[in-house]
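Coordinates from coords.csv are shown below (CSV, C-alpha atoms).
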chain,number,residue,atom,x,y,z
A,1,MET,CA,-127.6,138.8,48.0
A,2,GLN,CA,-128.9,138.6,51.5
A,3,GLU,CA,-127.4,136.5,54.3
A,4,LYS,CA,-129.7,135.5,57.1
A,5,ASN,CA,-128.9,134.6,60.7
A,6,PRO,CA,-130.5,131.5,62.1
A,7,PRO,CA,-134.2,132.0,63.1
A,8,GLY,CA,-134.8,133.6,66.4
A,9,TRP,CA,-131.8,135.9,66.4
A,10,GLY,CA,-133.5,138.9,65.0
A,11,VAL,CA,-135.3,141.8,66.7
A,12,PRO,CA,-138.3,140.4,68.6
A,13,PRO,CA,-141.6,141.1,66.6
A,14,ASN,CA,-143.1,142.9,69.6
A,15,ALA,CA,-140.2,145.2,70.1
A,16,THR,CA,-141.0,148.9,70.4
A,17,PRO,CA,-140.0,150.6,67.2
A,18,GLU,CA,-137.3,153.2,68.0
A,19,GLN,CA,-135.4,155.7,66.0
A,20,PRO,CA,-132.1,154.0,64.9
A,21,PRO,CA,-129.3,155.6,66.8
A,22,ALA,CA,-126.9,157.9,64.9
A,23,ALA,CA,-123.9,156.2,63.4
A,24,PRO,CA,-121.0,156.0,65.8
A,25,ALA,CA,-118.2,158.4,65.0
A,26,ASP,CA,-115.7,156.4,62.9
A,27,SER,CA,-112.0,157.0,63.4
A,28,ALA,CA,-108.8,155.5,62.1
A,29,TYR,CA,-109.2,152.9,64.7
A,30,THR,CA,-112.7,151.7,63.8
A,31,GLN,CA,-112.4,148.1,62.9
A,32,TRP,CA,-114.2,147.0,59.8
A,33,TYR,CA,-115.3,143.6,58.4
A,34,GLU,CA,-116.4,143.0,54.8
A,35,VAL,CA,-119.3,140.6,54.6
A,36,LYS,CA,-118.5,137.5,52.6
A,37,LYS,CA,-120.9,135.0,51.0
A,38,GLY,CA,-122.3,132.7,53.8
A,39,ASP,CA,-121.6,135.2,56.6
A,40,THR,CA,-124.1,135.9,59.3
A,41,LEU,CA,-123.7,138.3,62.2
A,42,TRP,CA,-123.4,135.2,64.5
A,43,LYS,CA,-120.7,133.8,62.3
A,44,ILE,CA,-118.8,137.1,62.3
A,45,ALA,CA,-119.2,137.5,66.1
A,46,LYS,CA,-117.9,133.9,66.5
A,47,GLU,CA,-114.9,134.7,64.3
A,48,VAL,CA,-113.9,138.1,65.9
A,49,TYR,CA,-115.1,137.6,69.5
A,50,GLY,CA,-115.0,133.8,69.8
A,51,ASP,CA,-118.6,133.8,70.7
A,52,GLY,CA,-121.5,134.0,68.2
A,53,SER,CA,-123.9,135.1,70.9
A,54,LEU,CA,-122.2,138.5,71.0
A,55,TYR,CA,-123.5,139.3,67.5
A,56,PRO,CA,-125.9,142.1,68.9
A,57,GLU,CA,-122.7,144.1,69.6
A,58,ILE,CA,-122.0,144.2,65.9
A,59,PHE,CA,-125.7,144.9,65.1
A,60,LYS,CA,-125.7,147.8,67.5
A,61,ALA,CA,-122.6,149.3,66.1
A,62,ASN,CA,-124.1,149.2,62.6
A,63,GLN,CA,-127.7,150.3,63.2
A,64,ASP,CA,-127.2,153.2,60.8
A,65,THR,CA,-126.9,150.7,57.9
A,66,LEU,CA,-128.6,147.6,59.4
A,67,SER,CA,-132.3,147.5,60.2
A,68,ASP,CA,-132.4,143.7,60.7
A,69,PRO,CA,-129.6,141.6,62.0
A,70,ASP,CA,-130.7,138.8,59.7
A,71,LYS,CA,-130.1,140.9,56.6
A,72,ILE,CA,-126.6,141.6,55.7
A,73,GLN,CA,-125.2,142.0,52.2
A,74,VAL,CA,-122.2,140.4,50.7
A,75,GLY,CA,-119.6,143.2,50.3
A,76,GLN,CA,-121.2,145.3,53.0
A,77,LYS,CA,-118.7,146.8,55.4
A,78,LEU,CA,-119.6,146.4,59.1
A,79,ARG,CA,-118.1,148.1,62.1
A,80,ILE,CA,-116.7,145.6,64.6
A,81,PRO,CA,-116.6,147.3,68.0
B,1,MET,CA,-10.9,203.6,82.0
B,2,LYS,CA,-11.4,201.0,84.7
B,3,LEU,CA,-13.7,203.3,86.5
B,4,LYS,CA,-15.7,203.9,83.4
B,5,SER,CA,-16.1,200.2,82.8
B,6,ALA,CA,-17.2,199.6,86.4
B,7,PHE,CA,-19.8,202.3,86.0
B,8,ALA,CA,-21.1,200.7,82.8
B,9,GLY,CA,-21.4,197.4,84.7
B,10,PHE,CA,-23.2,199.1,87.5
B,11,LEU,CA,-25.6,200.8,85.0
B,12,SER,CA,-26.3,197.4,83.4
B,13,LEU,CA,-27.1,195.9,86.8
B,14,VAL,CA,-29.4,198.8,87.6
B,15,MET,CA,-31.2,198.5,84.3
B,16,ALA,CA,-31.6,194.8,84.7
B,17,ALA,CA,-33.0,195.4,88.2
B,18,VAL,CA,-35.4,198.0,87.0
B,19,LEU,CA,-36.5,195.7,84.2
B,20,LEU,CA,-37.0,192.8,86.7
B,21,ALA,CA,-38.9,195.0,89.0
B,22,GLY,CA,-41.1,196.1,86.2
B,23,CYS,CA,-41.8,192.5,85.3
B,24,ALA,CA,-42.5,191.7,88.8
B,25,ASN,CA,-44.9,194.6,89.0
B,26,GLN,CA,-46.8,193.3,86.0
B,27,MET,CA,-46.9,189.6,87.2
B,28,GLU,CA,-49.5,190.0,89.8
B,29,PRO,CA,-51.9,192.1,87.6
B,30,ALA,CA,-51.5,189.5,84.9
B,31,LYS,CA,-52.2,186.7,87.3
B,32,LYS,CA,-55.3,188.5,88.5
B,33,ALA,CA,-56.5,189.2,85.0
B,34,ILE,CA,-56.3,185.5,84.1
B,35,ALA,CA,-58.1,184.6,87.4
B,36,ASP,CA,-60.8,187.1,86.6
B,37,ILE,CA,-61.4,185.6,83.2
B,38,GLU,CA,-61.5,182.1,84.6
B,39,ALA,CA,-64.0,183.2,87.2
B,40,ALA,CA,-66.2,184.7,84.5
B,41,ILE,CA,-66.1,181.4,82.6
B,42,ALA,CA,-67.0,179.5,85.8
B,43,ALA,CA,-69.9,181.9,86.4
B,44,ALA,CA,-71.4,180.8,83.0
B,45,GLY,CA,-71.8,177.4,84.6
B,46,PRO,CA,-72.7,174.1,82.9
B,47,ASP,CA,-75.2,175.9,80.7
B,48,ALA,CA,-72.4,177.3,78.7
B,49,ALA,CA,-71.0,173.9,78.0
B,50,GLN,CA,-74.4,172.6,77.1
B,51,TYR,CA,-75.8,175.4,75.0
B,52,ILE,CA,-72.9,177.3,73.6
B,53,PRO,CA,-70.0,174.8,73.5
B,54,ASP,CA,-68.3,176.4,70.6
B,55,GLN,CA,-68.3,179.8,72.1
B,56,LEU,CA,-67.0,178.4,75.4
B,57,GLN,CA,-64.3,176.4,73.6
B,58,ALA,CA,-63.1,179.6,71.8
B,59,VAL,CA,-62.7,181.5,75.1
B,60,THR,CA,-61.1,178.6,77.0
B,61,SER,CA,-58.6,178.2,74.2
B,62,GLU,CA,-57.7,181.9,74.3
B,63,VAL,CA,-57.3,181.5,78.1
B,64,ALA,CA,-54.8,178.7,77.4
B,65,SER,CA,-52.8,181.0,75.1
B,66,LEU,CA,-52.9,183.7,77.8
B,67,LYS,CA,-51.6,181.2,80.4
B,68,ALA,CA,-48.8,180.2,78.0
B,69,LYS,CA,-47.8,183.9,77.7
B,70,PHE,CA,-47.9,184.1,81.5
B,71,ASP,CA,-45.6,181.1,81.8
B,72,GLN,CA,-43.2,182.7,79.3
B,73,LYS,CA,-43.3,185.8,81.6
B,74,ASP,CA,-44.9,187.9,78.9
B,75,TYR,CA,-47.0,189.7,81.5
B,76,LYS,CA,-47.3,192.7,79.2
B,77,GLY,CA,-48.8,190.5,76.5
B,78,VAL,CA,-51.2,189.0,79.0
B,79,LEU,CA,-52.3,192.4,80.2
B,80,ALA,CA,-52.8,193.6,76.7
B,81,ALA,CA,-55.0,190.7,75.7
B,82,ALA,CA,-56.9,190.2,78.9
B,83,PRO,CA,-59.5,193.0,78.8
B,84,ALA,CA,-61.0,191.8,75.5
B,85,LEU,CA,-61.0,188.2,76.6
B,86,LEU,CA,-62.6,189.2,79.9
B,87,THR,CA,-65.4,190.9,78.0
B,88,GLN,CA,-65.9,187.7,76.0
B,89,ALA,CA,-65.9,185.5,79.1
B,90,GLN,CA,-68.3,187.8,80.9
B,91,GLY,CA,-70.6,187.5,77.8
B,92,LEU,CA,-70.7,183.7,78.1
B,93,SER,CA,-73.3,183.7,80.9
B,94,ALA,CA,-75.8,185.9,79.0
B,95,ALA,CA,-75.2,184.0,75.8
B,96,ALA,CA,-75.7,180.6,77.5
B,97,GLY,CA,-78.9,182.0,79.2
B,98,ALA,CA,-80.3,183.1,75.9
B,99,ALA,CA,-79.3,179.9,74.1
B,100,LYS,CA,-80.9,177.9,77.0
B,101,GLU,CA,-84.1,179.9,76.7
B,102,ALA,CA,-84.3,179.4,73.0
B,103,ALA,CA,-83.7,175.7,73.3
B,104,GLN,CA,-86.4,175.4,76.0
B,105,ALA,CA,-88.8,177.4,73.8
B,106,ALA,CA,-88.1,175.1,70.9
B,107,ALA,CA,-88.5,172.0,73.1
B,108,LEU,CA,-91.8,173.3,74.4
B,109,GLN,CA,-93.0,174.0,70.9
B,110,ALA,CA,-92.1,170.5,69.8
B,111,MET,CA,-93.9,169.1,72.9
B,112,ASN,CA,-97.0,171.1,72.1
B,113,ALA,CA,-97.0,169.8,68.6
B,114,GLU,CA,-96.5,166.2,69.8
B,115,TRP,CA,-99.3,166.7,72.3
B,116,GLY,CA,-101.6,168.0,69.5
B,117,THR,CA,-101.0,164.8,67.5
B,118,LEU,CA,-101.3,162.4,70.5
B,119,SER,CA,-104.3,164.1,72.0
B,120,ALA,CA,-106.1,164.0,68.6
B,121,ASP,CA,-105.3,160.4,68.2
B,122,ILE,CA,-105.5,158.7,71.6
B,123,PRO,CA,-109.1,159.1,72.6
B,124,ALA,CA,-110.4,157.3,69.5
B,125,GLN,CA,-107.8,154.5,69.9
B,126,LEU,CA,-108.6,154.2,73.6
B,127,ALA,CA,-112.3,154.0,72.9
B,128,ALA,CA,-111.8,151.3,70.2
B,129,VAL,CA,-109.6,149.1,72.3
B,130,THR,CA,-111.7,149.6,75.4
B,131,SER,CA,-114.8,148.6,73.5
B,132,ARG,CA,-113.2,145.5,72.2
B,133,VAL,CA,-111.9,144.5,75.6
B,134,GLY,CA,-115.3,145.0,77.1
B,135,ILE,CA,-117.0,142.8,74.5
B,136,LEU,CA,-114.3,140.1,74.7
B,137,SER,CA,-114.7,140.1,78.5
B,138,LYS,CA,-118.3,138.9,77.9
B,139,SER,CA,-117.2,136.2,75.5
B,140,LYS,CA,-117.6,132.6,76.6
B,141,LYS,CA,-114.7,131.7,74.5
B,142,LEU,CA,-111.8,133.8,73.1
B,143,PRO,CA,-111.3,134.0,69.4
B,144,ALA,CA,-108.7,131.9,67.6
B,145,GLY,CA,-105.2,133.3,68.1
B,146,LEU,CA,-106.0,134.9,71.4
B,147,ASP,CA,-105.3,133.0,74.6
B,148,ALA,CA,-106.4,134.0,78.1
B,149,ALA,CA,-102.9,135.2,79.2
B,150,ALA,CA,-102.6,137.5,76.2
B,151,PHE,CA,-106.1,138.8,76.7
B,152,ASP,CA,-105.4,139.5,80.4
B,153,ALA,CA,-102.2,141.3,79.5
B,154,ALA,CA,-104.1,143.4,76.9
B,155,ARG,CA,-106.8,144.2,79.4
B,156,THR,CA,-104.3,145.2,82.0
B,157,GLY,CA,-102.5,147.3,79.4
B,158,VAL,CA,-105.7,149.1,78.5
B,159,ASP,CA,-106.5,149.7,82.2
B,160,GLU,CA,-103.0,151.2,82.6
B,161,ALA,CA,-103.4,153.3,79.5
B,162,THR,CA,-106.7,154.7,80.7
B,163,ALA,CA,-105.1,155.7,84.0
B,164,LEU,CA,-102.1,157.2,82.3
B,165,TRP,CA,-104.3,159.1,79.9
B,166,SER,CA,-106.0,160.7,82.8
B,167,GLN,CA,-102.6,161.7,84.2
B,168,ALA,CA,-101.5,163.0,80.8
B,169,THR,CA,-104.6,165.2,80.4
B,170,ALA,CA,-104.3,166.5,84.0
B,171,ALA,CA,-100.6,167.3,83.4
B,172,GLN,CA,-101.4,169.1,80.2
B,173,ALA,CA,-104.2,171.1,82.0
B,174,SER,CA,-101.7,172.2,84.6
B,175,GLY,CA,-99.1,173.2,82.0
B,176,ASN,CA,-96.7,170.4,82.6
B,177,MET,CA,-96.2,169.5,79.0
B,178,GLU,CA,-93.1,167.3,79.6
B,179,GLN,CA,-95.1,165.0,81.9
B,180,ALA,CA,-98.2,165.2,79.7
B,181,VAL,CA,-96.3,164.1,76.6
B,182,GLY,CA,-94.3,161.5,78.5
B,183,ALA,CA,-97.5,159.9,79.8
B,184,ALA,CA,-99.2,160.2,76.4
B,185,ARG,CA,-96.4,158.4,74.7
B,186,GLN,CA,-96.7,155.5,77.2
B,187,VAL,CA,-100.5,155.4,76.6
B,188,LYS,CA,-99.8,155.1,72.9
B,189,ASP,CA,-97.3,152.3,73.3
B,190,LYS,CA,-99.7,150.4,75.6
B,191,LEU,CA,-102.6,150.8,73.2
B,192,ASN,CA,-100.6,149.8,70.2
B,193,ALA,CA,-99.5,146.7,72.1
B,194,ALA,CA,-103.0,145.9,73.2
B,195,MET,CA,-104.4,146.3,69.7
B,196,ALA,CA,-101.7,144.0,68.3
B,197,ALA,CA,-102.5,141.4,70.9
B,198,LEU,CA,-106.2,141.6,70.2
B,199,GLY,CA,-105.7,141.3,66.4
B,200,MET,CA,-107.0,144.8,65.7
B,201,SER,CA,-105.6,146.8,62.8
B,202,THR,CA,-104.2,150.2,63.7
B,203,GLY,CA,-105.7,151.9,60.7
Could the structure of this file be written out as structure tokens, please?
Amino acid sequence: MQEKNPPGWGVPPNATPEQPPAAPADSAYTQWYEVKKGDTLWKIAKEVYGDGSLYPEIFKANQDTLSDPDKIQVGQKLRIP
Amino acid sequence: MKLKSAFAGFLSLVMAAVLLAGCANQMEPAKKAIADIEAAIAAAGPDAAQYIPDQLQAVTSEVASLKAKFDQKDYKGVLAAAPALLTQAQGLSAAAGAAKEAAQAAALQAMNAEWGTLSADIPAQLAAVTSRVGILSKSKKLPAGLDAAAFDAARTGVDEATALWSQATAAQASGNMEQAVGAARQVKDKLNAAMAALGMSTG
């Protein structure tokens, strides 16, 4: 099941395609969040940072598994930087 | 008969005088022997008390016995026992030095091991907390359960931990393991406190 962010929060259509960065090195201190039904990156950012507009931070930290911030899967584990 | 008795009395007196003189002759050497032993114990210094307390106790207890003999005017007994005890007392200094060296080597080994654990752990923890503080600093509103005062305290803690970590690595590079480990322990405490305040799990 895919959860979508509200329109307009994804990568701009004219953005230059780039190689996704390598996954950040995980450690015992990497913070994880398991996606629940109804979650969006905005909603997760609002919960952990108090501010949904900071969702790109989560997207950036998970670019090894996320290609689109609007597409997250229930049960998926996301790094929360 | 009277003359014979007087002579016997005189002889007894002479013998007693000779005996007393003999004792008196031995008193000063006995006194010096005890003083020499005490000086050897003192030369071992506080290291003996710290690193070889049992050995020191054994020698001091024998010195007490020797002094008791001296007080009972058994100077011969003192002089008979003194050389062996002096050898033991003179050995205290070297024994304390060796024990101190062994204790310091063990402490250094323990500090190196602790440094190994801390230095493998702290950079990742510091990076995780620094990242979270940086993001929260940009937040228009803090998350539920985190007020501004707690966040400021956590941010200050992370700043202090960063500075202390630099000090710790510099101390380690210069071989001052005691300072390095001391600073690293403080870093760890500050990071754990900051993580708890920010609601981060410690893995």
- Message: I need the contact residues of chain B against chain A, so if you could list those with any atom within 8 Å, counting only C-alpha atoms, and return them as a ChimeraX atom specification, that would help.
- Response: /B:124-125,128,131-132,135-136,138-144,200-203
- Message: So the first atom is atom CA of B:Lys100 and the second is atom CA of B:Leu56; what is the distance between them in Å, to one decimal place?
- Response: 14.0 Å
With only C-alpha atoms as the counted atoms, please give the residues lying no more than 9 Å from A:Pro56, apart from itself and same-chain residues fewer than 3 positions off, as a PDB file with C-alpha atoms, keeping the file's coordinate frame.
ATOM      1  CA  TRP A   9    -131.800 135.900  66.400  1.00  0.00           C
ATOM      2  CA  LEU A  41    -123.700 138.300  62.200  1.00  0.00           C
ATOM      3  CA  TRP A  42    -123.400 135.200  64.500  1.00  0.00           C
ATOM      4  CA  ALA A  45    -119.200 137.500  66.100  1.00  0.00           C
ATOM      5  CA  SER A  53    -123.900 135.100  70.900  1.00  0.00           C
ATOM      6  CA  PHE A  59    -125.700 144.900  65.100  1.00  0.00           C
ATOM      7  CA  LYS A  60    -125.700 147.800  67.500  1.00  0.00           C
ATOM      8  CA  ALA A  61    -122.600 149.300  66.100  1.00  0.00           C
ATOM      9  CA  PRO A  69    -129.600 141.600  62.000  1.00  0.00           C
TER      10      PRO A  69
END
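If you look at atom CA of A:Asp64 and atom CA of A:Ala22, they are 6.2 Å away from each other.
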- Mind pulling up the distance from atom CA of B:Ile41 to atom CA of B:Ser93? 7.7 Å
- Message: Counting all atoms listed in the file, which residue out of B:Ala84, B:Val187, B:Lys76, B:Phe151 sits closest to B:Gln167?
- Response: B:Val187
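When all atoms listed in the file are used to measure the gap to B:Ala149, the shortest distance among B:Leu198, B:Asp121, B:Ala171, B:Gly182 belongs to B:Leu198.
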- Query: Nearest to B:Lys32 among B:Ala48, B:Ala127, B:Ala120, B:Leu79, with distances taken over all atoms listed in the file: which residue is it?
  - Reply: B:Leu79
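Shortest atom-to-atom contact with A:Lys37 among A:Ile72, A:Ile58, A:Leu78, A:Leu66: A:Ile72, counting all atoms listed in the file.
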Take the point (-105.9, 150.6, 84.1) as written in the file and pick out every residue within 12 Å of it, counting only C-alpha atoms; give the list as a JSON list (two decimals) with C-alpha atoms, in the coordinates of the input.
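Saved file selection03.json follows:
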[["chain", "number", "residue", "atom", "x", "y", "z"],
["B", 126, "LEU", "CA", -108.60, 154.20, 73.60],
["B", 130, "THR", "CA", -111.70, 149.60, 75.40],
["B", 152, "ASP", "CA", -105.40, 139.50, 80.40],
["B", 153, "ALA", "CA", -102.20, 141.30, 79.50],
["B", 154, "ALA", "CA", -104.10, 143.40, 76.90],
["B", 155, "ARG", "CA", -106.80, 144.20, 79.40],
["B", 156, "THR", "CA", -104.30, 145.20, 82.00],
["B", 157, "GLY", "CA", -102.50, 147.30, 79.40],
["B", 158, "VAL", "CA", -105.70, 149.10, 78.50],
["B", 159, "ASP", "CA", -106.50, 149.70, 82.20],
["B", 160, "GLU", "CA", -103.00, 151.20, 82.60],
["B", 161, "ALA", "CA", -103.40, 153.30, 79.50],
["B", 162, "THR", "CA", -106.70, 154.70, 80.70],
["B", 163, "ALA", "CA", -105.10, 155.70, 84.00],
["B", 164, "LEU", "CA", -102.10, 157.20, 82.30],
["B", 165, "TRP", "CA", -104.30, 159.10, 79.90],
["B", 166, "SER", "CA", -106.00, 160.70, 82.80],
["B", 167, "GLN", "CA", -102.60, 161.70, 84.20],
["B", 187, "VAL", "CA", -100.50, 155.40, 76.60],
["B", 190, "LYS", "CA", -99.70, 150.40, 75.60],
["B", 191, "LEU", "CA", -102.60, 150.80, 73.20]]
Can you sort out stretch 165-187 of chain B so it carries N, CA and C atoms, written as an mmCIF file, in the frame of the given file?
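Output below, filename rebuild08.cif:
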data_model
loop_
_atom_site.group_PDB
_atom_site.id
_atom_site.type_symbol
_atom_site.label_atom_id
_atom_site.label_comp_id
_atom_site.auth_asym_id
_atom_site.auth_seq_id
_atom_site.Cartn_x
_atom_site.Cartn_y
_atom_site.Cartn_z
ATOM 1 N N TRP B 165 -103.695 158.041 80.708
ATOM 2 C CA TRP B 165 -104.300 159.100 79.900
ATOM 3 C C TRP B 165 -104.897 160.185 80.767
ATOM 4 N N SER B 166 -105.495 159.761 81.882
ATOM 5 C CA SER B 166 -106.000 160.700 82.800
ATOM 6 C C SER B 166 -104.892 161.604 83.391
ATOM 7 N N GLN B 167 -103.790 160.938 83.703
ATOM 8 C CA GLN B 167 -102.600 161.700 84.200
ATOM 9 C C GLN B 167 -102.100 162.657 83.171
ATOM 10 N N ALA B 168 -102.072 162.182 81.932
ATOM 11 C CA ALA B 168 -101.500 163.000 80.800
ATOM 12 C C ALA B 168 -102.399 164.259 80.642
ATOM 13 N N THR B 169 -103.714 164.077 80.630
ATOM 14 C CA THR B 169 -104.600 165.200 80.400
ATOM 15 C C THR B 169 -104.533 166.204 81.593
ATOM 16 N N ALA B 170 -104.404 165.633 82.801
ATOM 17 C CA ALA B 170 -104.300 166.500 84.000
ATOM 18 C C ALA B 170 -102.986 167.291 83.930
ATOM 19 N N ALA B 171 -101.914 166.621 83.532
ATOM 20 C CA ALA B 171 -100.600 167.300 83.400
ATOM 21 C C ALA B 171 -100.672 168.407 82.385
ATOM 22 N N GLN B 172 -101.323 168.118 81.281
ATOM 23 C CA GLN B 172 -101.400 169.100 80.200
ATOM 24 C C GLN B 172 -102.236 170.319 80.705
ATOM 25 N N ALA B 173 -103.326 170.024 81.446
ATOM 26 C CA ALA B 173 -104.200 171.100 82.000
ATOM 27 C C ALA B 173 -103.404 172.000 82.924
ATOM 28 N N SER B 174 -102.452 171.391 83.646
ATOM 29 C CA SER B 174 -101.700 172.200 84.600
ATOM 30 C C SER B 174 -100.422 172.777 83.975
ATOM 31 N N GLY B 175 -100.270 172.579 82.681
ATOM 32 C CA GLY B 175 -99.100 173.200 82.000
ATOM 33 C C GLY B 175 -97.858 172.407 82.000
ATOM 34 N N ASN B 176 -97.901 171.196 82.556
ATOM 35 C CA ASN B 176 -96.700 170.400 82.600
ATOM 36 C C ASN B 176 -96.623 169.531 81.317
ATOM 37 N N MET B 177 -96.135 170.153 80.259
ATOM 38 C CA MET B 177 -96.200 169.500 79.000
ATOM 39 C C MET B 177 -95.210 168.306 78.890
ATOM 40 N N GLU B 178 -94.109 168.393 79.609
ATOM 41 C CA GLU B 178 -93.100 167.300 79.600
ATOM 42 C C GLU B 178 -93.780 166.022 80.138
ATOM 43 N N GLN B 179 -94.455 166.188 81.278
ATOM 44 C CA GLN B 179 -95.100 165.000 81.900
ATOM 45 C C GLN B 179 -96.287 164.564 81.031
ATOM 46 N N ALA B 180 -97.009 165.520 80.486
ATOM 47 C CA ALA B 180 -98.200 165.200 79.700
ATOM 48 C C ALA B 180 -97.764 164.353 78.448
ATOM 49 N N VAL B 181 -96.745 164.824 77.765
ATOM 50 C CA VAL B 181 -96.300 164.100 76.600
ATOM 51 C C VAL B 181 -95.671 162.775 76.919
ATOM 52 N N GLY B 182 -94.929 162.750 78.011
ATOM 53 C CA GLY B 182 -94.300 161.500 78.500
ATOM 54 C C GLY B 182 -95.374 160.434 78.743
ATOM 55 N N ALA B 183 -96.413 160.842 79.464
ATOM 56 C CA ALA B 183 -97.500 159.900 79.800
ATOM 57 C C ALA B 183 -98.257 159.489 78.535
ATOM 58 N N ALA B 184 -98.489 160.456 77.661
ATOM 59 C CA ALA B 184 -99.200 160.200 76.400
ATOM 60 C C ALA B 184 -98.478 159.178 75.539
ATOM 61 N N ARG B 185 -97.167 159.317 75.510
ATOM 62 C CA ARG B 185 -96.400 158.400 74.700
ATOM 63 C C ARG B 185 -96.519 156.950 75.275
ATOM 64 N N GLN B 186 -96.539 156.857 76.609
ATOM 65 C CA GLN B 186 -96.700 155.500 77.200
ATOM 66 C C GLN B 186 -98.109 154.975 76.893
ATOM 67 N N VAL B 187 -99.107 155.850 76.916
ATOM 68 C CA VAL B 187 -100.500 155.400 76.600
ATOM 69 C C VAL B 187 -100.477 154.837 75.173
#
